[in-house]
Structures are given as structure tokens and as C-alpha cells.
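structure_10.cif follows; it contains mmCIF, C-alpha atoms.
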```cif
data_query
#
loop_
_atom_site.group_PDB
_atom_site.id
_atom_site.type_symbol
_atom_site.label_atom_id
_atom_site.label_comp_id
_atom_site.auth_asym_id
_atom_site.auth_seq_id
_atom_site.Cartn_x
_atom_site.Cartn_y
_atom_site.Cartn_z
ATOM 1 C CA MET A 3 0.000 0.000 0.000
ATOM 2 C CA THR A 4 1.243 3.474 -0.869
ATOM 3 C CA GLU A 5 1.537 6.224 1.744
ATOM 4 C CA ASN A 6 -0.082 9.622 1.305
ATOM 5 C CA MET A 7 2.157 12.400 0.032
ATOM 6 C CA GLY A 8 3.503 14.704 2.725
ATOM 7 C CA THR A 9 3.560 18.492 2.648
ATOM 8 C CA ILE A 10 6.647 20.526 3.481
ATOM 9 C CA GLY A 11 6.884 24.287 3.915
ATOM 10 C CA GLU A 12 9.708 25.938 1.988
ATOM 11 C CA PHE A 13 10.555 29.513 2.892
ATOM 12 C CA TRP A 14 12.862 32.140 1.512
ATOM 13 C CA VAL A 15 13.887 34.658 4.182
ATOM 14 C CA ILE A 16 14.549 37.871 2.293
ATOM 15 C CA THR A 17 15.198 41.458 3.237
ATOM 16 C CA ALA A 18 16.108 44.744 1.624
ATOM 17 C CA ASP A 19 18.368 47.618 2.589
ATOM 18 C CA ARG A 20 19.532 50.684 0.688
ATOM 19 C CA VAL A 21 22.012 48.500 -1.242
ATOM 20 C CA GLY A 22 19.645 45.824 -2.535
ATOM 21 C CA ILE A 23 17.589 42.689 -1.912
ATOM 22 C CA TRP A 24 19.193 39.925 0.139
ATOM 23 C CA HIS A 25 18.530 36.261 0.822
ATOM 24 C CA VAL A 26 19.358 35.977 4.517
ATOM 25 C CA PRO A 27 20.311 32.290 4.892
ATOM 26 C CA GLY A 28 22.640 32.463 1.910
ATOM 27 C CA ASP A 29 22.286 29.955 -0.893
ATOM 28 C CA LYS A 30 19.188 27.820 -0.349
ATOM 29 C CA PRO A 31 15.674 28.063 1.063
ATOM 30 C CA LEU A 32 14.757 26.764 4.493
ATOM 31 C CA TYR A 33 12.287 23.930 5.116
ATOM 32 C CA THR A 34 9.881 22.805 7.785
ATOM 33 C CA ILE A 35 9.421 19.273 8.967
ATOM 34 C CA PRO A 36 6.612 17.432 7.140
ATOM 35 C CA VAL A 37 3.463 19.311 8.113
ATOM 36 C CA PRO A 38 1.395 17.400 10.690
ATOM 37 C CA ALA A 39 -2.234 16.681 9.780
ATOM 38 C CA ASP A 40 -3.474 19.045 12.518
ATOM 39 C CA SER A 41 -1.327 21.969 11.358
ATOM 40 C CA GLU A 42 -0.614 23.974 8.202
ATOM 41 C CA PRO A 43 2.545 25.118 6.351
ATOM 42 C CA HIS A 44 2.143 28.765 7.445
ATOM 43 C CA PHE A 45 2.139 27.813 11.137
ATOM 44 C CA GLU A 46 5.075 25.410 10.772
ATOM 45 C CA ILE A 47 7.093 28.156 9.054
ATOM 46 C CA GLU A 48 6.259 30.516 11.917
ATOM 47 C CA LEU A 49 7.597 27.905 14.361
ATOM 48 C CA GLU A 50 10.844 27.675 12.387
ATOM 49 C CA LEU A 51 11.140 31.464 12.329
ATOM 50 C CA LEU A 52 10.709 31.508 16.110
ATOM 51 C CA ARG A 53 13.409 28.864 16.462
ATOM 52 C CA LEU A 54 15.736 30.934 14.265
ATOM 53 C CA GLY A 55 15.020 34.122 16.230
ATOM 54 C CA LEU A 56 13.516 35.844 13.186
ATOM 55 C CA ARG A 57 9.766 35.888 13.907
ATOM 56 C CA ASP A 58 9.845 39.353 15.494
ATOM 57 C CA ARG A 59 11.410 40.773 12.318
ATOM 58 C CA VAL A 60 8.791 39.356 9.916
ATOM 59 C CA THR A 61 6.692 41.981 8.131
ATOM 60 C CA LEU A 62 5.232 39.771 5.395
ATOM 61 C CA MET A 63 4.646 36.064 4.781
ATOM 62 C CA HIS A 64 3.091 35.046 1.498
ATOM 63 C CA SER A 65 2.791 31.717 -0.278
ATOM 64 C CA THR A 66 3.834 32.147 -3.891
ATOM 65 C CA SER A 67 3.823 28.666 -5.401
ATOM 66 C CA TRP A 68 3.879 24.921 -4.900
ATOM 67 C CA ARG A 69 5.473 21.934 -6.591
ATOM 68 C CA VAL A 70 6.123 18.261 -6.010
ATOM 69 C CA ASP A 71 9.686 17.336 -5.076
ATOM 70 C CA TYR A 72 10.230 13.643 -4.450
ATOM 71 C CA LYS A 73 13.772 14.199 -3.133
ATOM 72 C CA LEU A 74 12.406 16.444 -0.386
ATOM 73 C CA GLY A 75 9.506 14.117 0.259
ATOM 74 C CA GLY A 76 6.311 15.520 -1.174
ATOM 75 C CA LEU A 77 4.352 18.642 -1.945
ATOM 76 C CA ILE A 78 6.468 21.752 -1.373
ATOM 77 C CA VAL A 79 4.512 24.902 -0.471
ATOM 78 C CA THR A 80 6.737 27.934 -1.079
ATOM 79 C CA TYR A 81 6.592 31.138 0.964
ATOM 80 C CA MET A 82 8.414 34.429 0.711
ATOM 81 C CA VAL A 83 9.191 35.735 4.198
ATOM 82 C CA VAL A 84 10.182 39.402 4.338
ATOM 83 C CA VAL A 85 12.150 40.437 7.420
ATOM 84 C CA THR A 86 13.258 43.929 8.428
ATOM 85 C CA ALA A 87 16.881 44.963 8.659
ATOM 86 C CA ASP A 88 17.681 47.811 11.033
ATOM 87 C CA ASP A 89 20.735 48.796 9.026
ATOM 88 C CA LEU A 90 22.877 47.365 6.255
ATOM 89 C CA VAL A 91 22.020 43.685 5.887
ATOM 90 C CA LEU A 92 25.590 42.361 5.938
ATOM 91 C CA GLY A 93 26.130 44.029 9.305
ATOM 92 C CA ILE A 94 23.302 41.899 10.729
ATOM 93 C CA TRP A 95 23.548 38.738 8.615
ATOM 94 C CA PRO A 96 27.083 38.327 7.193
ATOM 95 C CA GLN A 97 26.023 35.109 5.438
ATOM 96 C CA ALA A 98 23.317 36.906 3.395
ATOM 97 C CA ARG A 99 23.654 36.827 -0.385
ATOM 98 C CA PRO A 100 22.518 39.547 -2.788
ATOM 99 C CA VAL A 101 19.678 38.866 -5.196
ATOM 100 C CA THR A 102 20.181 41.086 -8.226
ATOM 101 C CA LEU A 103 18.541 41.838 -11.551
ATOM 102 C CA ALA A 104 21.914 41.134 -13.167
ATOM 103 C CA ALA A 105 21.818 37.608 -11.725
ATOM 104 C CA MET A 106 18.282 37.139 -13.020
ATOM 105 C CA GLU A 107 19.389 38.151 -16.502
ATOM 106 C CA ALA A 108 22.546 36.014 -16.361
ATOM 107 C CA VAL A 109 20.705 32.871 -15.248
ATOM 108 C CA GLY A 110 17.870 33.396 -17.698
ATOM 109 C CA LYS A 111 14.571 31.581 -17.854
ATOM 110 C CA PRO A 112 13.988 28.021 -16.686
ATOM 111 C CA GLU A 113 13.622 25.186 -19.163
ATOM 112 C CA PRO A 114 10.198 25.219 -20.835
ATOM 113 C CA HIS A 115 7.778 22.374 -20.220
ATOM 114 C CA ALA A 116 4.853 20.904 -22.108
ATOM 115 C CA ALA A 117 1.425 22.357 -21.392
ATOM 116 C CA ASP A 118 0.365 19.100 -19.716
ATOM 117 C CA ALA A 119 3.616 18.594 -17.758
ATOM 118 C CA PRO A 120 4.760 20.097 -14.457
ATOM 119 C CA PRO A 121 7.595 22.633 -14.469
ATOM 120 C CA SER A 122 10.907 21.771 -12.819
ATOM 121 C CA PRO A 123 12.375 25.126 -11.801
ATOM 122 C CA SER A 124 15.713 25.520 -10.058
ATOM 123 C CA HIS A 125 15.890 27.056 -6.589
ATOM 124 C CA PHE A 126 16.981 30.317 -8.190
ATOM 125 C CA HIS A 127 13.937 30.353 -10.464
ATOM 126 C CA VAL A 128 11.617 29.666 -7.512
ATOM 127 C CA LEU A 129 13.146 32.662 -5.704
ATOM 128 C CA MET A 130 12.801 34.859 -8.793
ATOM 129 C CA HIS A 131 9.167 33.811 -9.215
ATOM 130 C CA GLY A 132 8.568 34.732 -5.572
ATOM 131 C CA LEU A 133 10.109 38.180 -6.013
ATOM 132 C CA ARG A 134 8.050 38.823 -9.151
ATOM 133 C CA HIS A 135 4.989 37.710 -7.183
ATOM 134 C CA LEU A 136 5.817 40.285 -4.484
ATOM 135 C CA ARG A 137 6.281 42.903 -7.192
ATOM 136 C CA PHE A 138 2.789 42.145 -8.481
ATOM 137 C CA LEU A 139 1.302 42.269 -4.969
ATOM 138 C CA MET A 140 3.108 45.545 -4.250
ATOM 139 C CA ASP A 141 0.756 47.239 -6.722
ATOM 140 C CA TYR A 142 -2.394 45.140 -6.339
ATOM 141 C CA ASP A 143 -2.622 44.026 -2.698
ATOM 142 C CA ALA A 144 -3.007 46.859 -0.191
ATOM 143 C CA GLU A 145 -1.722 44.941 2.849
ATOM 144 C CA THR A 146 1.304 43.540 1.031
ATOM 145 C CA GLY A 147 2.087 46.934 -0.475
ATOM 146 C CA ALA A 148 1.939 48.540 2.972
ATOM 147 C CA ALA A 149 4.292 45.872 4.404
ATOM 148 C CA LEU A 150 7.035 46.713 1.888
ATOM 149 C CA ASP A 151 9.142 49.717 2.867
ATOM 150 C CA GLU A 152 10.750 52.189 0.478
ATOM 151 C CA ASN A 153 13.875 50.019 0.072
ATOM 152 C CA TRP A 154 11.670 47.156 -1.125
ATOM 153 C CA ARG A 155 9.637 49.395 -3.396
ATOM 154 C CA ARG A 156 12.765 50.865 -5.009
ATOM 155 C CA HIS A 157 14.402 47.471 -5.622
ATOM 156 C CA LEU A 158 11.238 45.700 -6.809
ATOM 157 C CA ARG A 159 10.098 48.507 -9.108
ATOM 158 C CA PRO A 160 12.331 47.445 -12.072
ATOM 159 C CA LEU A 161 10.818 43.941 -12.059
ATOM 160 C CA GLU A 162 7.898 43.377 -14.358
ATOM 161 C CA PRO A 163 4.816 42.700 -12.229
ATOM 162 C CA ALA A 164 4.385 39.271 -13.783
ATOM 163 C CA LEU A 165 3.422 35.948 -12.297
ATOM 164 C CA ALA A 166 3.825 33.469 -15.125
ATOM 165 C CA THR A 167 6.136 34.881 -17.801
ATOM 166 C CA MET A 168 9.101 32.764 -16.773
ATOM 167 C CA PHE A 169 7.825 30.106 -19.165
ATOM 168 C CA SER A 170 7.158 32.276 -22.223
ATOM 169 C CA GLU A 171 9.396 30.196 -24.509
ATOM 170 C CA ARG A 172 8.136 27.138 -26.422
ATOM 171 C CA LEU A 173 9.715 23.683 -26.198
ATOM 172 C CA ALA A 174 12.260 22.966 -28.910
ATOM 173 C CA GLY A 175 11.223 20.516 -31.614
#
```
Rewritten as C-alpha cells:
Amino acid sequence: MTENMGTIGEFWVITADRVGIWHVPGDKPLYTIPVPADSEPHFEIELELLRLGLRDRVTLMHSTSWRVDYKLGGLIVTYMVVVTADDLVLGIWPQARPVTLAAMEAVGKPEPHAADAPPSPSHFHVLMHGLRHLRFLMDYDAETGAALDENWRRHLRPLEPALATMFSERLAG
């Protein structure tokens, strides 16, 4: 007999200062334990943020996507978690890595997929999708827009407010 698929919360802790947008943990997203049946991904991410000492800095938590990842063990529910930085980010989190438009352009779009097939984005593409999602919400969701300070607004402004244009190319052949 086959087991039911588990759900895991994936979260990208991001912040912005006058220099740019930063991914606080460094190179990869953070994950929750498999979500218990009497809980939800949002709550489990909050528990992890408490454990990491970041919950008091959170100004925005928003789920931006989901995907199945068998290596991680099931359905991955992705969240962008915006935290405040009191000053320059590297002074608070030396391990933080910049997330730049130049990097987005250098990496390019993910591999296209058939219309009836699931996408298989890289971690970088998941992060970029999340930032574009925040850019969209900045203009069209009053609460999200209010949660993003002027540093965020300045750095997100150059992004196209798009949710699904990462896959605008057709499959070859």
C-alpha cells in the first residue's frame, strides 16, 4: 500500500536595505518538517522562524507557489518571508547573499515544459518567481504593499509585475 504524500513548507527569508535585496540564509531556502495533519505550512514556518530568532522581524509572509519534489519528500509549499533589517544587511547577517537583476538576466529563464507537464524550476527560479509575485502584490494588494518599505519598493520597481512569464518560450522541436 502506498503512503499519502507529505507536505513541506519551503521559505525564503529575504530582506532589503539601501544597497539591494538579500537572501538571509545564503544559498538555499529553508524547510519545515513534514506538516502534521493538525497543522498547516504557514504555522510550521512561523515555528521555524521563532526557532531561528527571526519571527519578530517578519513583516510579510506570502505563499507564492507549490510543486512536487520527491527528493524532499512531497508537496512543497513555497513562501516568501520578508524580514526587516535595522541597518545594512551584511552588518546583521554576514552570510546573506545579494539577489540582483543582473543575476536574473545572467541565469535566464527556466527550461520550458509541455502544457500538460509540471515545471521543474531551479531554486533560483523559484526565488525569482517569488520576487516577481511580491512585485505584483506591491501594486495590487493593499496589505502587502503597505508591508514593503521604500527600500523594497525601489528594488522591486524594475521587475515586471508578472506571475507566469518565466515560461514564455516554447519547447524545442
Taking the file as shown, find all residues satisfying the PyMOL selection byres ((chain A and resi 28) around 9) and write them as a list in words.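 Those residues are Trp24, His25, Val26, Pro27, Asp29, Lys30, Pro31, Gln97, Ala98, Arg99 and Pro100 of chain A.
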Can you give me, as a PyMOL selection string, the residues this file yields under the PyMOL selection byres ((chain A and resi 37) around 12)? chain A and resi 7-12+33-36+38-47+49-50+75-79
One decimal, Å: what's the distance from atom CA of A:Gly147 over to atom CA of A:Met130, could you say?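 Taking atom CA of A:Gly147 as the start and atom CA of A:Met130 as the end point, the length is 18.2 Å.
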From the list A:Tyr142, A:Trp154, A:Tyr72, A:Trp14, the nearest residue to A:Ser122 using all atoms listed in the file is A:Tyr72
Given the PyMOL selection byres ((chain A and resi 133) around 12) and the file above, list the residues it selects as a ChimeraX atom specification. /A:14-18,23-25,64-67,80-84,101-103,106,126-132,134-140,154-155,157-165
Using all atoms listed in the file, the best pick from A:His125, A:Ala108, A:Val70, A:Phe13 as closest to A:Glu48 would be A:Phe13
Can you tell me how far atom CA of A:Leu62 sits from atom CA of A:Glu113, in Å to one decimal?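 Pair atom CA of A:Leu62 / atom CA of A:Glu113 returns 29.8 Å.
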For the atom pair atom CA of A:Pro121 and atom CA of A:Asp141, what is the interatomic distance in Å to one decimal place? 26.7 Å
With 6 Å as the threshold, what does the neighbourhood of (23.2, 46.4, 2.6) contain in terms of residues, counting only C-alpha atoms? Coordinates are those of the file; answer as a PyMOL selection string. chain A and resi 19-21+90-92
Selected residue, from A:Leu52, A:Leu173, A:Met63, A:Ala119, that lies nearest to A:Thr146 when counting all atoms listed in the file: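 With all atoms listed in the file as the atom set, the closest residue is A:Met63.
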Anything within 8 Å of (6.6, 44.6, 6.2): list those residues as a PyMOL selection string, counting only C-alpha atoms and sticking to the file's coordinates. chain A and resi 60-62+84-86+146+148-151
For a quick check of understanding, using only C-alpha atoms, which of A:Gly22, A:Gly93, A:Asn6, A:Glu107 has the smallest distance to A:Glu152?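 Among the listed residues, A:Gly22 lies closest to A:Glu152.
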Can you take the partial stretch 8-19 of chain A, add N, CA, C and O atoms, and return it as a PDB file, in the coordinates of the input?
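Final output, rebuild_27.pdb:
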```
ATOM      1  N   GLY A   8       3.347  13.695   1.683  1.00  0.00           N
ATOM      2  CA  GLY A   8       3.503  14.704   2.725  1.00  0.00           C
ATOM      3  C   GLY A   8       3.579  16.102   2.148  1.00  0.00           C
ATOM      4  O   GLY A   8       3.765  16.296   0.952  1.00  0.00           O
ATOM      5  N   THR A   9       3.433  17.090   3.018  1.00  0.00           N
ATOM      6  CA  THR A   9       3.560  18.492   2.648  1.00  0.00           C
ATOM      7  C   THR A   9       4.683  19.101   3.473  1.00  0.00           C
ATOM      8  O   THR A   9       4.765  18.869   4.676  1.00  0.00           O
ATOM      9  N   ILE A  10       5.522  19.885   2.816  1.00  0.00           N
ATOM     10  CA  ILE A  10       6.647  20.526   3.481  1.00  0.00           C
ATOM     11  C   ILE A  10       6.605  22.012   3.145  1.00  0.00           C
ATOM     12  O   ILE A  10       6.389  22.391   1.992  1.00  0.00           O
ATOM     13  N   GLY A  11       6.805  22.850   4.147  1.00  0.00           N
ATOM     14  CA  GLY A  11       6.884  24.287   3.915  1.00  0.00           C
ATOM     15  C   GLY A  11       8.305  24.668   3.532  1.00  0.00           C
ATOM     16  O   GLY A  11       9.266  24.285   4.189  1.00  0.00           O
ATOM     17  N   GLU A  12       8.421  25.398   2.439  1.00  0.00           N
ATOM     18  CA  GLU A  12       9.708  25.938   1.988  1.00  0.00           C
ATOM     19  C   GLU A  12       9.614  27.447   2.146  1.00  0.00           C
ATOM     20  O   GLU A  12       8.615  28.040   1.753  1.00  0.00           O
ATOM     21  N   PHE A  13      10.642  28.064   2.736  1.00  0.00           N
ATOM     22  CA  PHE A  13      10.555  29.513   2.892  1.00  0.00           C
ATOM     23  C   PHE A  13      11.886  30.186   2.610  1.00  0.00           C
ATOM     24  O   PHE A  13      12.944  29.703   2.953  1.00  0.00           O
ATOM     25  N   TRP A  14      11.743  31.291   1.908  1.00  0.00           N
ATOM     26  CA  TRP A  14      12.862  32.140   1.512  1.00  0.00           C
ATOM     27  C   TRP A  14      12.828  33.369   2.408  1.00  0.00           C
ATOM     28  O   TRP A  14      11.918  34.188   2.300  1.00  0.00           O
ATOM     29  N   VAL A  15      13.803  33.499   3.310  1.00  0.00           N
ATOM     30  CA  VAL A  15      13.887  34.658   4.182  1.00  0.00           C
ATOM     31  C   VAL A  15      14.663  35.733   3.423  1.00  0.00           C
ATOM     32  O   VAL A  15      15.842  35.562   3.108  1.00  0.00           O
ATOM     33  N   ILE A  16      13.967  36.816   3.100  1.00  0.00           N
ATOM     34  CA  ILE A  16      14.549  37.871   2.293  1.00  0.00           C
ATOM     35  C   ILE A  16      14.379  39.215   2.989  1.00  0.00           C
ATOM     36  O   ILE A  16      13.466  39.397   3.805  1.00  0.00           O
ATOM     37  N   THR A  17      15.258  40.124   2.661  1.00  0.00           N
ATOM     38  CA  THR A  17      15.198  41.458   3.237  1.00  0.00           C
ATOM     39  C   THR A  17      15.750  42.441   2.218  1.00  0.00           C
ATOM     40  O   THR A  17      16.309  42.044   1.196  1.00  0.00           O
ATOM     41  N   ALA A  18      15.579  43.707   2.508  1.00  0.00           N
ATOM     42  CA  ALA A  18      16.108  44.744   1.624  1.00  0.00           C
ATOM     43  C   ALA A  18      16.692  45.868   2.473  1.00  0.00           C
ATOM     44  O   ALA A  18      16.161  46.199   3.537  1.00  0.00           O
ATOM     45  N   ASP A  19      17.792  46.416   1.994  1.00  0.00           N
ATOM     46  CA  ASP A  19      18.368  47.618   2.589  1.00  0.00           C
ATOM     47  C   ASP A  19      18.611  48.618   1.471  1.00  0.00           C
ATOM     48  O   ASP A  19      18.167  48.404   0.339  1.00  0.00           O
TER      49      ASP A  19
END
```
